[in-house]
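For reference, coords-v9.pdb is printed below; it contains PDB, C-alpha atoms.
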ATOM      1  CA  MET A  24     -13.462 141.615 268.302
ATOM      2  CA  THR A  25     -15.904 142.574 265.532
ATOM      3  CA  HIS A  26     -14.547 143.475 262.126
ATOM      4  CA  PRO A  27     -15.779 144.554 258.696
ATOM      5  CA  SER A  28     -16.754 141.751 256.349
ATOM      6  CA  ILE A  29     -16.750 140.971 252.635
ATOM      7  CA  PRO A  30     -20.317 141.469 251.334
ATOM      8  CA  GLY A  31     -21.909 138.223 250.210
ATOM      9  CA  PHE A  32     -19.297 136.060 251.950
ATOM     10  CA  THR A  33     -19.884 133.806 254.945
ATOM     11  CA  GLU A  34     -17.253 133.436 257.652
ATOM     12  CA  HIS A  35     -16.341 129.956 258.866
ATOM     13  CA  ARG A  36     -14.309 128.667 261.796
ATOM     14  CA  VAL A  37     -12.258 125.672 260.650
ATOM     15  CA  ARG A  38      -9.959 123.599 262.844
ATOM     16  CA  VAL A  39      -6.641 122.909 261.101
ATOM     17  CA  ASP A  40      -4.414 121.755 263.973
ATOM     18  CA  ASP A  41      -4.726 120.481 267.524
ATOM     19  CA  ASP A  42      -4.862 123.996 268.962
ATOM     20  CA  VAL A  43      -5.498 126.163 265.895
ATOM     21  CA  THR A  44      -8.760 127.194 264.263
ATOM     22  CA  LEU A  45      -8.710 129.549 261.295
ATOM     23  CA  ASN A  46     -11.288 132.161 260.430
ATOM     24  CA  ALA A  47     -12.106 132.156 256.712
ATOM     25  CA  ALA A  48     -14.534 134.132 254.547
ATOM     26  CA  VAL A  49     -15.998 132.003 251.749
ATOM     27  CA  GLY A  50     -18.158 133.041 248.807
ATOM     28  CA  GLY A  51     -18.961 132.377 245.171
ATOM     29  CA  THR A  52     -19.209 129.181 243.137
ATOM     30  CA  GLY A  53     -16.903 127.462 240.692
ATOM     31  CA  SER A  54     -13.313 126.276 240.756
ATOM     32  CA  PRO A  55     -11.634 127.159 244.077
ATOM     33  CA  VAL A  56      -9.252 130.054 244.608
ATOM     34  CA  VAL A  57      -7.576 130.636 247.989
ATOM     35  CA  LEU A  58      -6.341 134.165 248.800
ATOM     36  CA  LEU A  59      -3.776 134.778 251.577
ATOM     37  CA  HIS A  60      -3.366 138.242 253.096
ATOM     38  CA  GLY A  61      -0.216 140.144 253.997
ATOM     39  CA  PHE A  62       1.101 142.379 256.802
ATOM     40  CA  PRO A  63      -0.263 144.337 258.596
ATOM     41  CA  GLN A  64      -3.632 143.166 257.320
ATOM     42  CA  THR A  65      -6.286 140.474 257.494
ATOM     43  CA  HIS A  66      -8.361 138.616 254.908
ATOM     44  CA  LEU A  67     -10.309 141.862 254.392
ATOM     45  CA  MET A  68      -7.551 143.129 252.077
ATOM     46  CA  TRP A  69      -9.073 140.856 249.397
ATOM     47  CA  ARG A  70     -12.585 142.368 249.671
ATOM     48  CA  HIS A  71     -12.663 143.842 246.143
ATOM     49  CA  VAL A  72     -10.749 141.037 244.431
ATOM     50  CA  ALA A  73     -12.794 138.347 246.180
ATOM     51  CA  ALA A  74     -16.095 139.937 245.196
ATOM     52  CA  ASP A  75     -14.946 140.057 241.559
ATOM     53  CA  LEU A  76     -13.678 136.464 241.480
ATOM     54  CA  ALA A  77     -16.791 135.120 243.220
ATOM     55  CA  ALA A  78     -18.689 135.539 239.933
ATOM     56  CA  ASP A  79     -17.037 132.375 238.611
ATOM     57  CA  HIS A  80     -14.952 130.887 241.435
ATOM     58  CA  THR A  81     -15.387 129.621 244.950
ATOM     59  CA  VAL A  82     -13.203 132.085 246.852
ATOM     60  CA  ILE A  83     -11.664 131.300 250.252
ATOM     61  CA  CYS A  84     -10.054 134.131 252.205
ATOM     62  CA  PRO A  85      -8.599 133.004 255.544
ATOM     63  CA  ASP A  86      -6.914 134.945 258.285
ATOM     64  CA  LEU A  87      -3.507 133.316 258.630
ATOM     65  CA  ARG A  88      -2.610 131.623 261.891
ATOM     66  CA  GLY A  89      -1.612 134.396 264.288
ATOM     67  CA  TYR A  90      -3.565 137.125 262.472
ATOM     68  CA  GLY A  91      -7.060 138.603 262.476
ATOM     69  CA  ALA A  92      -9.753 136.398 263.942
ATOM     70  CA  SER A  93      -7.748 133.170 263.589
ATOM     71  CA  ASP A  94      -6.154 131.507 266.596
ATOM     72  CA  LYS A  95      -2.783 132.732 267.807
ATOM     73  CA  PRO A  96      -0.820 129.929 269.447
ATOM     74  CA  ALA A  97       2.176 130.939 271.523
ATOM     75  CA  GLY A  98       5.356 130.892 269.447
ATOM     76  CA  THR A  99       7.123 128.489 271.776
ATOM     77  CA  GLY A 100       9.149 126.823 269.032
ATOM     78  CA  PRO A 101      10.410 127.730 265.568
ATOM     79  CA  GLU A 102       7.935 125.485 263.745
ATOM     80  CA  ILE A 103       4.821 127.047 265.284
ATOM     81  CA  TYR A 104       4.951 129.933 262.793
ATOM     82  CA  SER A 105       7.144 128.419 260.108
ATOM     83  CA  LYS A 106       5.729 128.940 256.654
ATOM     84  CA  ARG A 107       5.673 125.147 256.323
ATOM     85  CA  THR A 108       3.265 124.919 259.258
ATOM     86  CA  MET A 109       1.190 127.860 258.067
ATOM     87  CA  ALA A 110       1.038 126.362 254.571
ATOM     88  CA  ARG A 111      -0.189 123.072 256.008
ATOM     89  CA  ASP A 112      -2.946 125.038 257.744
ATOM     90  CA  ILE A 113      -4.144 126.321 254.372
ATOM     91  CA  VAL A 114      -4.111 122.894 252.723
ATOM     92  CA  ARG A 115      -6.108 121.461 255.637
ATOM     93  CA  LEU A 116      -8.515 124.403 255.581
ATOM     94  CA  ALA A 117      -9.277 123.894 251.901
ATOM     95  CA  ALA A 118      -9.709 120.146 252.417
ATOM     96  CA  GLU A 119     -12.170 120.721 255.268
ATOM     97  CA  LEU A 120     -14.125 123.003 252.951
ATOM     98  CA  GLY A 121     -14.198 120.281 250.288
ATOM     99  CA  HIS A 122     -11.303 121.242 248.004
ATOM    100  CA  ASP A 123      -8.289 119.015 247.452
ATOM    101  CA  ARG A 124      -6.839 121.122 244.610
ATOM    102  CA  PHE A 125      -6.976 124.892 244.133
ATOM    103  CA  THR A 126      -5.383 128.026 242.727
ATOM    104  CA  LEU A 127      -3.475 129.872 245.452
ATOM    105  CA  ALA A 128      -2.630 133.583 245.592
ATOM    106  CA  GLY A 129      -0.769 135.387 248.347
ATOM    107  CA  HIS A 130       0.385 138.888 249.144
ATOM    108  CA  ASP A 131       3.398 139.804 251.305
ATOM    109  CA  ARG A 132       3.489 137.373 254.280
ATOM    110  CA  GLY A 133       0.691 135.406 252.681
ATOM    111  CA  ALA A 134       2.781 135.069 249.533
ATOM    112  CA  LEU A 135       5.549 133.442 251.582
ATOM    113  CA  VAL A 136       2.999 130.985 252.965
ATOM    114  CA  ALA A 137       1.731 130.408 249.429
ATOM    115  CA  PHE A 138       5.275 129.802 248.191
ATOM    116  CA  ARG A 139       5.870 127.147 250.842
ATOM    117  CA  ALA A 140       2.467 125.552 250.149
ATOM    118  CA  ALA A 141       3.285 125.365 246.442
ATOM    119  CA  MET A 142       6.709 123.853 247.166
ATOM    120  CA  ASP A 143       5.472 121.321 249.722
ATOM    121  CA  HIS A 144       2.073 120.441 248.200
ATOM    122  CA  PRO A 145       2.396 120.476 244.387
ATOM    123  CA  GLY A 146      -0.437 117.983 244.047
ATOM    124  CA  THR A 147      -2.773 120.348 245.872
ATOM    125  CA  VAL A 148      -1.728 123.794 244.618
ATOM    126  CA  SER A 149      -2.525 123.763 240.900
ATOM    127  CA  ARG A 150      -1.398 127.348 240.185
ATOM    128  CA  ALA A 151       0.276 130.030 242.284
ATOM    129  CA  LEU A 152       0.360 133.819 242.242
ATOM    130  CA  PHE A 153       2.711 135.867 244.432
ATOM    131  CA  LEU A 154       2.294 139.597 245.051
ATOM    132  CA  ASP A 155       5.272 141.839 245.824
ATOM    133  CA  VAL A 156       7.686 139.444 247.523
ATOM    134  CA  LEU A 157      10.792 137.412 246.956
ATOM    135  CA  PRO A 158      11.162 133.946 248.432
ATOM    136  CA  THR A 159      12.566 134.210 251.963
ATOM    137  CA  LEU A 160      16.075 133.058 251.075
ATOM    138  CA  ASP A 161      16.339 135.599 248.258
ATOM    139  CA  MET A 162      14.738 138.355 250.324
ATOM    140  CA  TRP A 163      17.533 138.260 252.901
ATOM    141  CA  GLY A 164      20.123 138.194 250.144
ATOM    142  CA  ALA A 165      18.623 141.323 248.553
ATOM    143  CA  LEU A 166      18.848 143.442 251.711
ATOM    144  CA  SER A 167      22.203 145.126 252.230
ATOM    145  CA  GLY A 168      23.726 148.520 252.983
ATOM    146  CA  VAL A 169      21.738 151.697 253.439
ATOM    147  CA  SER A 170      19.093 150.732 250.867
ATOM    148  CA  GLY A 171      18.236 147.715 253.016
ATOM    149  CA  ALA A 172      16.876 150.037 255.726
ATOM    150  CA  VAL A 173      13.473 149.706 254.058
ATOM    151  CA  GLY A 174      13.370 146.274 255.723
ATOM    152  CA  PHE A 175      14.192 147.498 259.231
ATOM    153  CA  HIS A 176      11.175 145.668 260.663
ATOM    154  CA  LEU A 177      12.552 142.345 259.429
ATOM    155  CA  TYR A 178      15.666 142.809 261.545
ATOM    156  CA  LEU A 179      13.741 144.100 264.552
ATOM    157  CA  MET A 180      11.374 141.137 264.646
ATOM    158  CA  ALA A 181      14.233 138.675 264.082
ATOM    159  CA  GLN A 182      15.554 139.417 267.571
ATOM    160  CA  ALA A 183      15.152 137.020 270.488
ATOM    161  CA  PRO A 184      11.730 136.976 272.208
ATOM    162  CA  GLY A 185      11.022 139.905 274.476
ATOM    163  CA  LEU A 186      12.536 143.067 273.059
ATOM    164  CA  PRO A 187      10.672 143.393 269.717
ATOM    165  CA  GLU A 188       7.333 142.461 271.255
ATOM    166  CA  GLU A 189       7.734 145.050 274.026
ATOM    167  CA  MET A 190       8.880 147.800 271.675
ATOM    168  CA  ILE A 191       6.115 147.233 269.128
ATOM    169  CA  GLN A 192       3.355 146.834 271.720
ATOM    170  CA  ALA A 193       4.351 150.138 273.328
ATOM    171  CA  SER A 194       3.617 152.021 270.075
ATOM    172  CA  ALA A 195       1.500 149.557 268.120
ATOM    173  CA  ASP A 196      -0.635 152.075 266.222
ATOM    174  CA  THR A 197       2.380 154.126 265.189
ATOM    175  CA  PHE A 198       4.367 151.044 264.176
ATOM    176  CA  PHE A 199       1.704 149.356 262.053
ATOM    177  CA  ALA A 200       0.374 152.616 260.593
ATOM    178  CA  HIS A 201       3.859 153.393 259.307
ATOM    179  CA  PHE A 202       3.635 150.534 256.801
ATOM    180  CA  LEU A 203       0.087 151.347 255.717
ATOM    181  CA  ASP A 204       1.206 154.910 254.997
ATOM    182  CA  ALA A 205       4.689 154.360 253.581
ATOM    183  CA  TRP A 206       3.798 151.490 251.275
ATOM    184  CA  THR A 207       0.555 152.851 249.778
ATOM    185  CA  ASP A 208       0.609 154.942 246.606
ATOM    186  CA  THR A 209      -3.177 155.441 246.751
ATOM    187  CA  PRO A 210      -4.096 156.401 250.342
ATOM    188  CA  ASP A 211      -7.876 156.235 249.836
ATOM    189  CA  ALA A 212      -7.520 152.589 248.784
ATOM    190  CA  ILE A 213      -7.607 151.759 252.500
ATOM    191  CA  PRO A 214     -10.587 153.674 253.949
ATOM    192  CA  ALA A 215     -10.721 154.730 257.580
ATOM    193  CA  GLU A 216     -12.874 151.818 258.789
ATOM    194  CA  VAL A 217     -10.614 149.235 257.156
ATOM    195  CA  ARG A 218      -7.461 150.988 258.355
ATOM    196  CA  ARG A 219      -8.797 150.990 261.919
ATOM    197  CA  HIS A 220      -9.567 147.286 261.610
ATOM    198  CA  TYR A 221      -6.012 146.530 260.447
ATOM    199  CA  LEU A 222      -4.479 148.544 263.289
ATOM    200  CA  ASP A 223      -6.696 146.981 265.953
ATOM    201  CA  ALA A 224      -6.186 143.451 264.625
ATOM    202  CA  SER A 225      -2.413 143.919 264.471
ATOM    203  CA  ALA A 226      -2.170 145.440 267.947
ATOM    204  CA  ALA A 227      -4.055 142.409 269.287
ATOM    205  CA  ALA A 228      -1.602 140.033 267.612
ATOM    206  CA  VAL A 229       1.853 141.470 268.307
ATOM    207  CA  PRO A 230       3.418 138.289 269.784
ATOM    208  CA  SER A 231       2.209 136.074 266.932
ATOM    209  CA  ILE A 232       3.116 138.577 264.215
ATOM    210  CA  VAL A 233       6.629 138.829 265.648
ATOM    211  CA  ALA A 234       6.826 135.021 265.838
ATOM    212  CA  ASP A 235       5.857 134.813 262.162
ATOM    213  CA  TYR A 236       8.637 137.228 261.199
ATOM    214  CA  ARG A 237      11.132 135.567 263.543
ATOM    215  CA  ALA A 238      10.530 132.261 261.751
ATOM    216  CA  SER A 239      11.465 133.975 258.489
ATOM    217  CA  ALA A 240      14.886 134.754 259.934
ATOM    218  CA  GLY A 241      15.467 131.146 260.891
ATOM    219  CA  VAL A 242      13.545 128.009 260.032
ATOM    220  CA  ASP A 243      12.026 129.416 256.824
ATOM    221  CA  VAL A 244      15.493 130.204 255.478
ATOM    222  CA  ASP A 245      16.540 126.639 256.284
ATOM    223  CA  HIS A 246      13.593 125.215 254.363
ATOM    224  CA  ASP A 247      14.280 127.378 251.299
ATOM    225  CA  ALA A 248      17.987 126.568 251.408
ATOM    226  CA  ALA A 249      17.248 122.834 251.556
ATOM    227  CA  ASP A 250      15.001 123.122 248.495
ATOM    228  CA  ARG A 251      17.608 125.108 246.616
ATOM    229  CA  GLU A 252      20.304 122.558 247.423
ATOM    230  CA  ALA A 253      18.010 119.736 246.292
ATOM    231  CA  GLY A 254      17.171 121.580 243.061
ATOM    232  CA  SER A 255      13.461 121.658 243.914
ATOM    233  CA  ARG A 256      11.300 124.001 241.846
ATOM    234  CA  LEU A 257       7.673 125.031 241.659
ATOM    235  CA  ALA A 258       5.865 122.496 239.521
ATOM    236  CA  MET A 259       2.832 124.575 238.559
ATOM    237  CA  PRO A 260       2.209 127.697 236.452
ATOM    238  CA  VAL A 261       3.310 130.758 238.437
ATOM    239  CA  THR A 262       2.518 134.458 238.169
ATOM    240  CA  VAL A 263       4.528 137.086 240.082
ATOM    241  CA  LEU A 264       3.511 140.742 240.251
ATOM    242  CA  GLN A 265       5.930 143.157 241.908
ATOM    243  CA  GLN A 266       6.828 146.779 242.276
ATOM    244  CA  ASP A 267      10.253 147.607 240.913
ATOM    245  CA  TRP A 268      12.086 146.900 244.179
ATOM    246  CA  GLY A 269      14.982 145.502 242.204
ATOM    247  CA  ALA A 270      15.846 148.940 240.833
ATOM    248  CA  ALA A 271      16.119 150.318 244.382
ATOM    249  CA  LEU A 272      17.848 147.353 246.011
ATOM    250  CA  GLY A 273      20.011 146.151 243.135
ATOM    251  CA  TYR A 274      18.618 142.746 242.208
ATOM    252  CA  HIS A 275      16.927 141.238 239.158
ATOM    253  CA  ALA A 276      13.547 140.062 240.417
ATOM    254  CA  GLN A 277      12.558 138.020 237.380
ATOM    255  CA  GLY A 278      15.913 136.265 237.414
ATOM    256  CA  LEU A 279      15.533 135.320 241.076
ATOM    257  CA  TRP A 280      12.032 133.983 240.514
ATOM    258  CA  SER A 281      13.089 132.093 237.373
ATOM    259  CA  ALA A 282      15.401 129.990 239.518
ATOM    260  CA  TRP A 283      12.330 128.700 241.353
ATOM    261  CA  ALA A 284       9.699 128.514 238.595
ATOM    262  CA  GLY A 285       9.953 127.148 235.078
ATOM    263  CA  ASP A 286       6.470 128.204 233.955
ATOM    264  CA  LEU A 287       6.700 131.839 235.075
ATOM    265  CA  ARG A 288       4.845 135.021 234.158
ATOM    266  CA  HIS A 289       6.598 137.957 235.848
ATOM    267  CA  ARG A 290       5.258 141.482 235.659
ATOM    268  CA  THR A 291       6.389 144.770 237.196
ATOM    269  CA  VAL A 292       3.387 146.924 238.122
ATOM    270  CA  SER A 293       3.095 150.621 238.892
ATOM    271  CA  CYS A 294       0.766 150.589 241.916
ATOM    272  CA  GLY A 295       1.899 150.520 245.545
ATOM    273  CA  HIS A 296       2.590 147.523 247.748
ATOM    274  CA  PHE A 297      -1.058 147.024 248.715
ATOM    275  CA  MET A 298      -1.955 146.285 245.117
ATOM    276  CA  ALA A 299      -5.031 144.157 245.801
ATOM    277  CA  GLU A 300      -6.624 147.272 247.294
ATOM    278  CA  GLU A 301      -4.958 149.853 245.048
ATOM    279  CA  ASP A 302      -5.699 148.090 241.738
ATOM    280  CA  PRO A 303      -8.118 145.241 242.479
ATOM    281  CA  LYS A 304      -9.237 144.805 238.867
ATOM    282  CA  LEU A 305      -5.649 144.169 237.770
ATOM    283  CA  ILE A 306      -5.178 141.565 240.484
ATOM    284  CA  ALA A 307      -8.519 139.850 239.873
ATOM    285  CA  ASP A 308      -7.811 139.722 236.134
ATOM    286  CA  GLU A 309      -4.364 138.213 236.733
ATOM    287  CA  ILE A 310      -5.742 135.563 239.118
ATOM    288  CA  ARG A 311      -8.531 134.692 236.712
ATOM    289  CA  ALA A 312      -6.068 134.420 233.810
ATOM    290  CA  LEU A 313      -3.760 132.227 235.885
ATOM    291  CA  ALA A 314      -6.629 129.943 236.935
ATOM    292  CA  GLU A 315      -7.377 129.383 233.247
ATOM    293  CA  ARG A 316      -3.788 128.529 232.242
TER     294      ARG A 316
END

Write-out of the structure in structure tokens:
Amino acid sequence: MTHPSIPGFTEHRVRVDDDVTLNAAVGGTGSPVVLLHGFPQTHLMWRHVAADLAADHTVICPDLRGYGASDKPAGTGPEIYSKRTMARDIVRLAAELGHDRFTLAGHDRGALVAFRAAMDHPGTVSRALFLDVLPTLDMWGALSGVSGAVGFHLYLMAQAPGLPEEMIQASADTFFAHFLDAWTDTPDAIPAEVRRHYLDASAAAVPSIVADYRASAGVDVDHDAADREAGSRLAMPVTVLQQDWGAALGYHAQGLWSAWAGDLRHRTVSCGHFMAEEDPKLIADEIRALAER
């Protein structure tokens, strides 16, 4: 399946596991920055931010396992799409590209992978930025009552294999387009060609996308809970940018993140969920500032 590309970037196929090869767009020169995309997107969501950062950084934008042009192993066990496994993919990808330490930024699902990479590989992830998420354990705690309906897809994809895959595949365009429409404050931030790419890529990856979400209702919670019980915290400087979800759902986002990160910069922003496309200069500036901390 062909897809739009980031101008000036070269795409690589990098083997990170016995049966998994990731697709990654790489460009620029300088200290390395790895950017992880969210749902329902691919690495192309970083096109503006990556082009900006490439002026003074080597920028690596992979498609996560199960998404885009990366391999999509069958989700036959909970660890196949655990964020621990997906985080290990990213560490191995960077190493294969010649980088054993890097700044890591993630949005949405990619931010959950970035969180696990930062927890599990503090010697590799030097700085971490998370866009518009809570850690998995806190995310489930924040969803309750009628206001929690905004996360209906989390509950749907948490169900046993079969039902969610069949339901989503039957109306894939409608399902995935709902999130692109409902979560974007600036509709023209995602032009028609890019939108079509996201919808096609997501429709081609329904089983693996569901497996990714299903892991976040099981094994990922277990991993976060174990870290919390052990008192583990993020060891590096951290930046978190979020919409004001806390006002709608009744939680204090900065307080939740402070429990995980001692060196924390937390900022509430006014753009929509797809902030790397809606306000790319803000995001590039924040990543660049974090990389210099």

From (11.9, 142.6, 235.3), in the file's coordinates, out to 12 Å: which residues are reached, counting all atoms listed in the file? Answer as a ChimeraX atom specification. /A:263-270,273-281,287-292

Residue members of the PyMOL selection byres ((chain A and resi 205-221) around 8) in the file shown, as a compact mmCIF listing (two decimals) with C-alpha atoms, in the frame of the given file:
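The file below, part-v6.txt, is the result:
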# COMPACT_ATOMS: atom_id res chain seq x y z
CA HIS A 26 -14.55 143.48 262.13
CA PRO A 27 -15.78 144.55 258.70
CA PRO A 63 -0.26 144.34 258.60
CA GLN A 64 -3.63 143.17 257.32
CA THR A 65 -6.29 140.47 257.49
CA LEU A 67 -10.31 141.86 254.39
CA HIS A 201 3.86 153.39 259.31
CA PHE A 202 3.64 150.53 256.80
CA LEU A 203 0.09 151.35 255.72
CA ASP A 204 1.21 154.91 255.00
CA LEU A 222 -4.48 148.54 263.29
CA ASP A 223 -6.70 146.98 265.95
CA ALA A 224 -6.19 143.45 264.62
CA SER A 225 -2.41 143.92 264.47
CA CYS A 294 0.77 150.59 241.92
CA GLY A 295 1.90 150.52 245.54
CA HIS A 296 2.59 147.52 247.75
CA PHE A 297 -1.06 147.02 248.72
CA GLU A 300 -6.62 147.27 247.29
CA GLU A 301 -4.96 149.85 245.05

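Comparing A:Leu127, A:Val114, A:Val233, A:Ala258 by their smallest distance to A:Leu58, the closest is A:Leu127 (using all atoms listed in the file).
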
What's the separation between atom CA of A:Ala134 and atom CA of A:Ala312, in Å to one decimal place? 18.1 Å

On this file, the PyMOL selection byres ((chain A and resi 144) around 10) gives some set of residues; write that set as a list in words.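 Going through the file, the PyMOL selection byres ((chain A and resi 144) around 10) ends up selecting Ala110, Arg111, Val114, Arg124, Phe138, Arg139, Ala140, Ala141, Met142, Asp143, Pro145, Gly146, Thr147, Val148, Ser149, Leu257 and Ala258 of chain A.
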
Expected file: the selected residues, C-alpha atoms, as a PDB file, in the frame of the given file:
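This went into again.pdb:
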ATOM      1  CA  ALA A 110       1.038 126.362 254.571  1.00  0.00           C
ATOM      2  CA  ARG A 111      -0.189 123.072 256.008  1.00  0.00           C
ATOM      3  CA  VAL A 114      -4.111 122.894 252.723  1.00  0.00           C
ATOM      4  CA  ARG A 124      -6.839 121.122 244.610  1.00  0.00           C
ATOM      5  CA  PHE A 138       5.275 129.802 248.191  1.00  0.00           C
ATOM      6  CA  ARG A 139       5.870 127.147 250.842  1.00  0.00           C
ATOM      7  CA  ALA A 140       2.467 125.552 250.149  1.00  0.00           C
ATOM      8  CA  ALA A 141       3.285 125.365 246.442  1.00  0.00           C
ATOM      9  CA  MET A 142       6.709 123.853 247.166  1.00  0.00           C
ATOM     10  CA  ASP A 143       5.472 121.321 249.722  1.00  0.00           C
ATOM     11  CA  PRO A 145       2.396 120.476 244.387  1.00  0.00           C
ATOM     12  CA  GLY A 146      -0.437 117.983 244.047  1.00  0.00           C
ATOM     13  CA  THR A 147      -2.773 120.348 245.872  1.00  0.00           C
ATOM     14  CA  VAL A 148      -1.728 123.794 244.618  1.00  0.00           C
ATOM     15  CA  SER A 149      -2.525 123.763 240.900  1.00  0.00           C
ATOM     16  CA  LEU A 257       7.673 125.031 241.659  1.00  0.00           C
ATOM     17  CA  ALA A 258       5.865 122.496 239.521  1.00  0.00           C
TER      18      ALA A 258
END

Expanded to explicit residues, what is the PyMOL selection byres ((chain A and resi 174) around 12) for this file, as JSON, numbers by chain? {"A": [162, 163, 164, 165, 166, 167, 168, 169, 170, 171, 172, 173, 175, 176, 177, 178, 179, 180, 181, 202, 206, 236, 268, 272]}

Counting all atoms listed in the file, which of A:Asp112, A:Asp196, A:Gly61, A:Ala117 gets nearest to A:Val49? A:Ala117

As JSON, please report the centre and edge lengths, rounded to one decimal in Å, of the axis-aligned box that holds all listed atoms of stretch 53-65 of chain A with 8 Å of padding on each of the six sides.
{"center_x": -7.9, "center_y": 135.3, "center_z": 249.6, "size_x": 34.0, "size_y": 34.1, "size_z": 33.9}

State, in Å with one decimal place, the distance from atom CA of A:Lys304 to atom CA of A:Ile232. 28.9 Å

Excluding A:Val242 and its own-chain neighbours fewer than 5 positions away, which residues fall within 10 Å of it when counting all atoms listed in the file? Please give them as number ranges by chain. A: 101-102, 104-107, 237, 247-248

Pick out the residues sitting within 10 Å of A:Ala92, and hand them over as a ChimeraX atom specification; count all atoms listed in the file, and ignore anything fewer than 3 positions along from it in its own chain. /A:24-26,36,44-47,65-66,85-89,95,224,227-228

Nearest residue to A:Glu189 out of A:Leu76, A:Leu154, A:Val229, A:Leu160, using only C-alpha atoms?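 Looking only at the distances to A:Glu189, the closest residue turns out to be A:Val229.
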
Using only C-alpha atoms, which of the listed residues (A:Leu116, A:Leu135, A:Val43, A:Ala74) sits closest to A:Thr159?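 The answer is A:Leu135, which sits nearest to A:Thr159.
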
To one decimal in Å, tell me the separation between atom CA of A:Val72 and atom CA of A:Tyr90.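 Computed distance, atom CA of A:Val72 to atom CA of A:Tyr90, equals 19.8 Å.
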
Here is a test: counting all atoms listed in the file, which residue of A:Ala314, A:Ala271, A:Ala240, A:Val56 is nearest to A:Asp161? A:Ala240

Using all atoms listed in the file, which of A:His130, A:Leu152, A:Arg311, A:Ser194 sits nearest A:Ala284?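 With all atoms listed in the file as the atom set, the closest residue is A:Leu152.
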